[in-house]
Every structure is written in structure tokens, then in C-alpha cells.
Amino acid sequence: MCSIVEDDFGDDGGAHGMKEDTPQPELAANELCRKCNTEMAVLKLNLKEPQCRGCFLNYVRHKFRASLGSTKIVRLGSRVLVIFTGAAENVTLLDMIRFGLEQDSFKQLRIVPILLYVDDDFVEKTDELRIHQLTKRINVLKQFSSFPSYYTVCGSSKYAEITFDDLFSPSGFEQDETRLLQVLEALRSVSSKQDLLEQVHKQTYRTIAKALNCNYVFLSDIGIDLAKTLLSNVALGRGCSLAQDVAFCDDRDDATKLIRPIRDLNPDEVSNYLQFAEPQLLYLSHVKHFEDKPSLQNLTSKFIDNLQQSFPSTVSTVFRTGDKLDVLKSTQGECCRFCGAVLDYKGSKTLFATEYSRLVSLRINAACNHEDILQKSKQMELDAERAVNGEENEEQHSVLLQHLCHGCRNIFEDINE
């Protein structure tokens, strides 16, 4: 049995029971690479031996190739839609894809990459800032001009080819932008707005991928991003899709699979890759919408970022927990109409208890006597069960709730009347 008792934690709780990771010793002067034993070492990663530039780049690139080779999900010669954001990890992924395509026939990466930039800067930025940001992204994208590149806006089914010869100025997406802005303005909480944007992004990826005849979509999420997704989705009530949201392959849509080929990388490996890669690569800082406002996602992100500074091994443990989760399979083909996850509300005792507690707070007051409470409790049980199953009444929104998972229901119910 564990011998630690509550008194051992003191006033600080269990904070001192979790020790910070011991910093690794600095790289000694004139130290040889422990891999090749010929070149001078230029860096020493956490819990790794000193490495030279070539061995480090081979190590990171091998992680990328090994994730694709071990799973054998992506077939040879497949058309792959690679989502472009311009962030550090995204540029790292694109450079590794380009490097793999330039290898000899034995080591060559056998895919056909197509880049897609999904523009969502219209959500918060003015037209001037949006044009300025687009120009900066196009400059980053020019580094990979050998790949065919396309542009679309979040929530649209249309796309346009990006040309690098002259100033790229997209048009014809105004209606899609207005529609998404109207929905975002109708949502009350920032958590729902960020969750809606995330789901609409994934819908856009799949829609454009099908239009461009791509069966796979490459995302540039790394381990710390997936740790944030894991915890925030738990708070948002997306347990039914949690395993697929952090897995190597999100296959809830059989026609288009979302792949995360660099999920095993950490921020140190990404930053060092960009430092030692040749030629030097341009990239942009990753900025999320509404990140300066309070929300479940933003609080989780700050928590993980702080954890990464002192306990990076713990962040890896959080991320790896997602690999142990089982993916729910629908036996009757019932999936959420919005995110595609398996419907999870039927027979859920947790949702029933939550809805029942909400009804109690609304209907029970101090003036009620014992008989009234018993009578109301029986009615509240029936009402809570109907609410969980989306059968409160015959209105259109109740019919819609029957086809949404719990996470998407929360978005819908947060819409301002």
C-alpha cells in the first residue's frame, strides 16, 4: 500500500510530490557525435546523446518516415492533401516531405502532395491585416512552390489555385465568410466558438480533399498539440471522438482520412530542425483565434504550456494516454451529423445525471413540501431522459439533437435565440 498520507502534502497540496525534470548537462566543447563518432556534436536533446547536424536531421526525418511506414495506412502513389498553416511544425513537415521526394528510388517518399491553405483570418482581423497576413503566408509558401497549392476559406466547398507569379488576391468566397461569421456571432461562449471553428476546419479539409481526389489529409499536429486536444476535448464533452482526435489516423470518414505523421515530435526537435535545416526555412508564429479570451481551450493550452516548461515528460505521458483509448464503433451506423463521431448519448448515465441536476435546480425551491418534491422528481426523471435522447418535444431543434453527439449538442444549445 502507498504510505503517503494527506498530512505529507502540507499546505501546498501534492505540488512538491511531483519533481521537476532534471535539466540535461550542457554540450561539452569539442564533443563528438555519439552516433557517427566522426562529426562534432552541435546539440544535445533532453535524454538523448550528443548529435551532429546530419545525425540529428536523419533522426527527426526517420521519425516521420517510421510513422508512415509502421502504420501502412497511406498507400504508395496516393494523392495527399497537406494542410498549410505556415507555423514552425507545419514548415518542418513540408520540408521533410520535400526531402523524402528528392531521395533515390529506394528511399523515396512515394506520395503526391498537394498543399491547401484554409484562410480563417476574416474571423477577427480587418481587411488590411488580413491582406498583410496573407502576403506573409504566401512568402512562406513560396519555399515549396514545386508543390501544387490551393486556397479556400474556412467553411467553403470552393477552392482556387495559388499562383506565385503575381500578387494573389482571392475572390468569390464572401458568401461563405458571411455565413460562418453569422454563426460565430450567434454563439455566446468563446469555448463554443473555438470548438465550432475546429470542427468546421475538419469539414473543410475533407470537402476539399474529396474535390481534389485526395484520400488522405496530412495535419502538422505534434505531441504537445495533441496533449492540449486530449484535455480540452474531455472538458468539452467529446469523449466519443477523443481517441480519433489524437490518433495517428482519424478514419471516422472512410473516404478521407486525417493523418498526423509528425505527432511523435516535440517542440525542441521542431525548433532545432528549423535551425539546422538547409536552406534556412521561413515560418510564422502560430496564432489561434480568441486566444486572448477565457475559454476551456485557452486555459488548457496555458496549463500544458506551463507543464512543458517544467515537466516535459508529463506532457508526453498525457499525449500517450490517448493511444490507449478505444475507438467507439457504431453498430447501427448512427453517427453525428456535424463531426461524424459515433452518437454517445443513448443510455448515458452521466448525461442523465447532468440533465437531472439541471432540472432540480430549476424546479425545486425551498417552498416545496415533501410530497411536491416526490411528485416533481418522478416527472423530472422522465423529462431528463427525454432531454438526453433529444425527445423533449416535436420541434425541429429537438429532432436535430437526436442526430448530434454531446459535444456538438453543446455548440447548438449555446446559440443565441
# chains A, B, ... in the order shown; residues from 1 in each chain; ligands from 1

call {"tool": "residues_around", "arguments": {"residues": "Lys257 (chain A)", "least_positions_apart": "6", "cutoff": "10 Å", "atoms": "only C-alpha atoms", "output": "ChimeraX atom specification"}}
result
/A:73-74,80,205-206,209,214-218,248-251

call {"tool": "residues_around", "arguments": {"residues": "Gly172 (chain A)", "least_positions_apart": "6", "cutoff": "12 Å", "atoms": "only C-alpha atoms", "output": "PyMOL selection string"}}
result
chain A and resi 151-153+156-160+178

call {"tool": "write_last_selection", "arguments": {"atoms": "C-alpha atoms", "output": "tab-separated table (two decimals), in the first residue's frame"}}
result
chain	number	residue	atom	x	y	z
A	151	TYR	CA	-6.62	28.34	-51.37
A	152	THR	CA	-10.00	28.23	-49.67
A	153	VAL	CA	-11.74	29.81	-46.71
A	156	SER	CA	-16.29	26.72	-48.03
A	157	SER	CA	-16.51	23.95	-50.61
A	158	LYS	CA	-14.84	26.08	-53.30
A	159	TYR	CA	-11.11	26.47	-53.88
A	160	ALA	CA	-8.72	28.46	-56.07
A	178	THR	CA	-20.50	35.86	-44.07

call {"tool": "residues_around", "arguments": {"residues": "Gly322 (chain A)", "least_positions_apart": "5", "cutoff": "7 Å", "atoms": "only C-alpha atoms", "output": "list in words"}}
result
Leu230, Ala243 and Val246 of chain A

call {"tool": "atom_distance", "arguments": {"atom1": "CA of Leu81 (chain A)", "atom2": "CA of Ser192 (chain A)"}}
result
27.4 Å

call {"tool": "residues_around", "arguments": {"residues": "Arg238 (chain A)", "least_positions_apart": "2", "cutoff": "12 Å", "atoms": "only C-alpha atoms", "output": "CSV table (one decimal) with C-alpha atoms, in the first residue's frame"}}
result
chain,number,residue,atom,x,y,z
A,195,ASP,CA,-14.9,24.3,-30.9
A,199,GLN,CA,-15.0,21.2,-36.4
A,229,THR,CA,-6.6,18.5,-27.6
A,230,LEU,CA,-6.9,15.5,-25.3
A,231,LEU,CA,-7.6,17.5,-22.2
A,232,SER,CA,-9.7,20.2,-23.8
A,233,ASN,CA,-11.9,17.7,-25.5
A,234,VAL,CA,-12.6,15.9,-22.3
A,235,ALA,CA,-13.8,19.2,-20.8
A,236,LEU,CA,-15.9,19.9,-23.9
A,240,CYS,CA,-16.8,9.7,-28.0
A,241,SER,CA,-14.3,11.0,-30.5
A,242,LEU,CA,-11.3,11.5,-28.2
A,243,ALA,CA,-9.3,8.6,-29.4
A,244,GLN,CA,-9.6,9.6,-33.1
A,245,ASP,CA,-8.9,13.3,-32.3
A,246,VAL,CA,-5.4,12.4,-31.1
A,328,LEU,CA,-16.0,3.6,-30.5
A,336,CYS,CA,-23.1,12.7,-35.5
A,339,CYS,CA,-18.5,15.9,-36.6
A,340,GLY,CA,-19.0,12.3,-37.7
A,341,ALA,CA,-18.4,10.8,-34.3
A,342,VAL,CA,-20.4,7.8,-33.0
A,343,LEU,CA,-23.6,9.0,-31.1
A,344,ASP,CA,-22.9,8.6,-27.4
A,345,TYR,CA,-26.0,9.9,-25.6
A,404,LEU,CA,-25.8,15.2,-32.7
A,405,CYS,CA,-23.2,13.9,-30.3
A,406,HIS,CA,-22.9,15.5,-26.8
A,407,GLY,CA,-20.1,17.8,-27.8
A,408,CYS,CA,-21.9,19.2,-30.9
A,409,ARG,CA,-25.1,19.5,-28.9
A,410,ASN,CA,-23.3,21.8,-26.6
A,411,ILE,CA,-22.4,24.1,-29.5

call {"tool": "closest_residue", "arguments": {"among": "A:Leu359, A:Cys154, A:Leu226, A:Leu187", "to": "Gln203 (chain A)", "atoms": "only C-alpha atoms"}}
result
A:Cys154

call {"tool": "residues_around", "arguments": {"residues": "Ser357 (chain A)", "least_positions_apart": "4", "cutoff": "12 Å", "atoms": "only C-alpha atoms", "output": "list in words"}}
result
Thr350, Leu351, Phe352, Ala353, Ser361, Leu362, Arg363, Ile364, Ser377, Met380, Glu381, Asp383 and Ala384 of chain A

call {"tool": "select_by_dssp", "arguments": {"residues": "region 215-346 of chain A", "states": "alpha helix (DSSP H)", "output": "number ranges by chain"}}
result
A: 223-235, 242-246, 267-276, 296-310, 312-321

call {"tool": "select_by_dssp", "arguments": {"residues": "region 31-202 of chain A", "states": "strand (DSSP E or B)", "output": "PyMOL selection string"}}
result
chain A and resi 32+40+43+51+78-84+111-119+149-153+160-161+187

call {"tool": "residues_around", "arguments": {"residues": "region 116-132 of chain A", "least_positions_apart": "4", "cutoff": "10 Å", "atoms": "only C-alpha atoms", "output": "ChimeraX atom specification"}}
result
/A:81-86,136-138,141,148-156,159-162,168-169,174,177-178,180-181,184-185,197,201,204-205,208-209,217,288-290

call {"tool": "write_last_selection", "arguments": {"atoms": "N, CA and C atoms", "output": "tab-separated table (two decimals), in the first residue's frame"}}
result
chain	number	residue	atom	x	y	z
A	81	LEU	N	-3.45	15.50	-49.46
A	81	LEU	CA	-3.68	16.92	-49.24
A	81	LEU	C	-2.98	17.34	-47.95
A	82	VAL	N	-1.97	18.18	-48.06
A	82	VAL	CA	-1.20	18.65	-46.90
A	82	VAL	C	-1.70	20.04	-46.53
A	83	ILE	N	-2.20	20.18	-45.31
A	83	ILE	CA	-2.74	21.46	-44.85
A	83	ILE	C	-1.58	22.41	-44.53
A	84	PHE	N	-1.60	23.59	-45.13
A	84	PHE	CA	-0.56	24.59	-44.92
A	84	PHE	C	-1.05	25.64	-43.93
A	85	THR	N	-0.23	25.91	-42.91
A	85	THR	CA	-0.51	26.98	-41.95
A	85	THR	C	0.62	27.98	-41.84
A	86	GLY	N	1.83	27.55	-42.20
A	86	GLY	CA	2.99	28.43	-42.09
A	86	GLY	C	3.65	28.40	-40.73
A	136	LYS	N	2.31	37.45	-46.06
A	136	LYS	CA	3.36	36.77	-45.31
A	136	LYS	C	3.27	35.25	-45.48
A	137	ARG	N	2.05	34.72	-45.48
A	137	ARG	CA	1.90	33.27	-45.65
A	137	ARG	C	2.30	32.83	-47.06
A	138	ILE	N	1.97	33.64	-48.05
A	138	ILE	CA	2.35	33.30	-49.41
A	138	ILE	C	3.87	33.29	-49.55
A	141	LEU	N	4.96	30.10	-48.23
A	141	LEU	CA	4.54	29.03	-49.13
A	141	LEU	C	5.43	28.97	-50.37
A	148	PRO	N	1.86	21.75	-56.08
A	148	PRO	CA	0.62	22.47	-56.42
A	148	PRO	C	-0.08	22.95	-55.16
A	149	SER	N	-0.50	24.20	-55.15
A	149	SER	CA	-1.07	24.81	-53.95
A	149	SER	C	-2.44	25.40	-54.25
A	150	TYR	N	-3.34	25.31	-53.27
A	150	TYR	CA	-4.70	25.80	-53.43
A	150	TYR	C	-5.10	26.61	-52.20
A	151	TYR	N	-6.13	27.44	-52.42
A	151	TYR	CA	-6.62	28.34	-51.37
A	151	TYR	C	-8.12	28.14	-51.21
A	152	THR	N	-8.57	28.21	-49.96
A	152	THR	CA	-10.00	28.23	-49.67
A	152	THR	C	-10.21	28.93	-48.34
A	153	VAL	N	-11.44	29.22	-48.01
A	153	VAL	CA	-11.74	29.81	-46.71
A	153	VAL	C	-12.45	28.77	-45.86
A	154	CYS	N	-12.37	28.95	-44.57
A	154	CYS	CA	-12.96	28.01	-43.63
A	154	CYS	C	-14.47	27.94	-43.83
A	155	GLY	N	-14.98	26.73	-44.03
A	155	GLY	CA	-16.41	26.53	-44.22
A	155	GLY	C	-16.85	26.56	-45.66
A	156	SER	N	-15.93	26.66	-46.62
A	156	SER	CA	-16.29	26.72	-48.03
A	156	SER	C	-16.02	25.39	-48.71
A	159	TYR	N	-12.55	26.27	-54.05
A	159	TYR	CA	-11.11	26.47	-53.88
A	159	TYR	C	-10.56	27.16	-55.13
A	160	ALA	N	-9.39	27.76	-54.97
A	160	ALA	CA	-8.72	28.46	-56.07
A	160	ALA	C	-7.24	28.10	-56.03
A	161	GLU	N	-6.65	28.00	-57.21
A	161	GLU	CA	-5.22	27.67	-57.28
A	161	GLU	C	-4.38	28.90	-56.96
A	162	ILE	N	-3.34	28.69	-56.17
A	162	ILE	CA	-2.44	29.78	-55.79
A	162	ILE	C	-1.34	29.90	-56.83
A	168	PHE	N	-1.34	37.36	-55.25
A	168	PHE	CA	-2.52	36.51	-55.16
A	168	PHE	C	-3.61	37.22	-54.37
A	169	SER	N	-4.74	37.44	-54.99
A	169	SER	CA	-5.88	38.10	-54.33
A	169	SER	C	-7.14	37.28	-54.57
A	174	GLU	N	-16.95	35.44	-50.44
A	174	GLU	CA	-17.59	36.35	-49.49
A	174	GLU	C	-18.82	35.73	-48.83
A	177	GLU	N	-17.81	33.30	-46.09
A	177	GLU	CA	-17.29	34.02	-44.92
A	177	GLU	C	-18.42	34.62	-44.10
A	178	THR	N	-19.38	35.24	-44.77
A	178	THR	CA	-20.50	35.86	-44.07
A	178	THR	C	-21.32	34.83	-43.30
A	180	LEU	N	-20.35	31.94	-42.01
A	180	LEU	CA	-19.63	31.47	-40.82
A	180	LEU	C	-19.59	32.55	-39.74
A	181	LEU	N	-19.41	33.80	-40.14
A	181	LEU	CA	-19.38	34.89	-39.18
A	181	LEU	C	-20.71	35.04	-38.45
A	184	LEU	N	-20.87	32.32	-35.79
A	184	LEU	CA	-19.97	32.61	-34.67
A	184	LEU	C	-20.52	33.72	-33.78
A	185	GLU	N	-21.10	34.74	-34.39
A	185	GLU	CA	-21.67	35.84	-33.61
A	185	GLU	C	-22.88	35.39	-32.79
A	197	LEU	N	-15.15	26.37	-34.78
A	197	LEU	CA	-14.12	26.62	-35.79
A	197	LEU	C	-13.29	25.36	-36.06
A	201	HIS	N	-13.20	23.49	-39.64
A	201	HIS	CA	-11.93	23.29	-40.33
A	201	HIS	C	-11.80	21.85	-40.84
A	204	THR	N	-13.95	21.26	-43.77
A	204	THR	CA	-13.38	21.88	-44.97
A	204	THR	C	-12.26	21.02	-45.53
A	205	TYR	N	-11.41	20.48	-44.67
A	205	TYR	CA	-10.33	19.61	-45.14
A	205	TYR	C	-10.89	18.44	-45.94
A	208	ILE	N	-12.63	19.61	-49.43
A	208	ILE	CA	-11.69	19.97	-50.49
A	208	ILE	C	-10.87	18.76	-50.90
A	209	ALA	N	-10.55	17.88	-49.96
A	209	ALA	CA	-9.79	16.67	-50.30
A	209	ALA	C	-10.57	15.80	-51.29
A	217	VAL	N	-5.36	13.33	-45.73
A	217	VAL	CA	-5.06	14.72	-45.38
A	217	VAL	C	-4.00	14.69	-44.29
A	288	LYS	N	-3.93	31.43	-32.67
A	288	LYS	CA	-5.30	30.92	-32.72
A	288	LYS	C	-6.28	32.04	-32.43
A	289	HIS	N	-7.45	31.93	-32.99
A	289	HIS	CA	-8.47	32.94	-32.78
A	289	HIS	C	-9.01	32.86	-31.35
A	290	PHE	N	-9.33	34.02	-30.80
A	290	PHE	CA	-9.90	34.16	-29.46
A	290	PHE	C	-8.96	33.66	-28.36

call {"tool": "atom_distance", "arguments": {"atom1": "CA of Val183 (chain A)", "atom2": "CA of Phe338 (chain A)"}}
result
14.1 Å

call {"tool": "closest_residue", "arguments": {"among": "A:Thr38, A:Gln143, A:Gln133, A:Ser316", "to": "Leu94 (chain A)", "atoms": "only C-alpha atoms"}}
result
A:Gln143

call {"tool": "residues_around", "arguments": {"residues": "region 44-57 of chain A", "least_positions_apart": "5", "cutoff": "9 Å", "atoms": "only C-alpha atoms", "output": "list in words"}}
result
Pro23, Gln24, Pro25, Glu26, Leu27, Glu31, Leu32, Cys33, Arg34, Lys35, Cys36, Thr38, Glu39, His62, Asp268, Glu269, Asn272, Tyr273, Phe276 and Ala277 of chain A
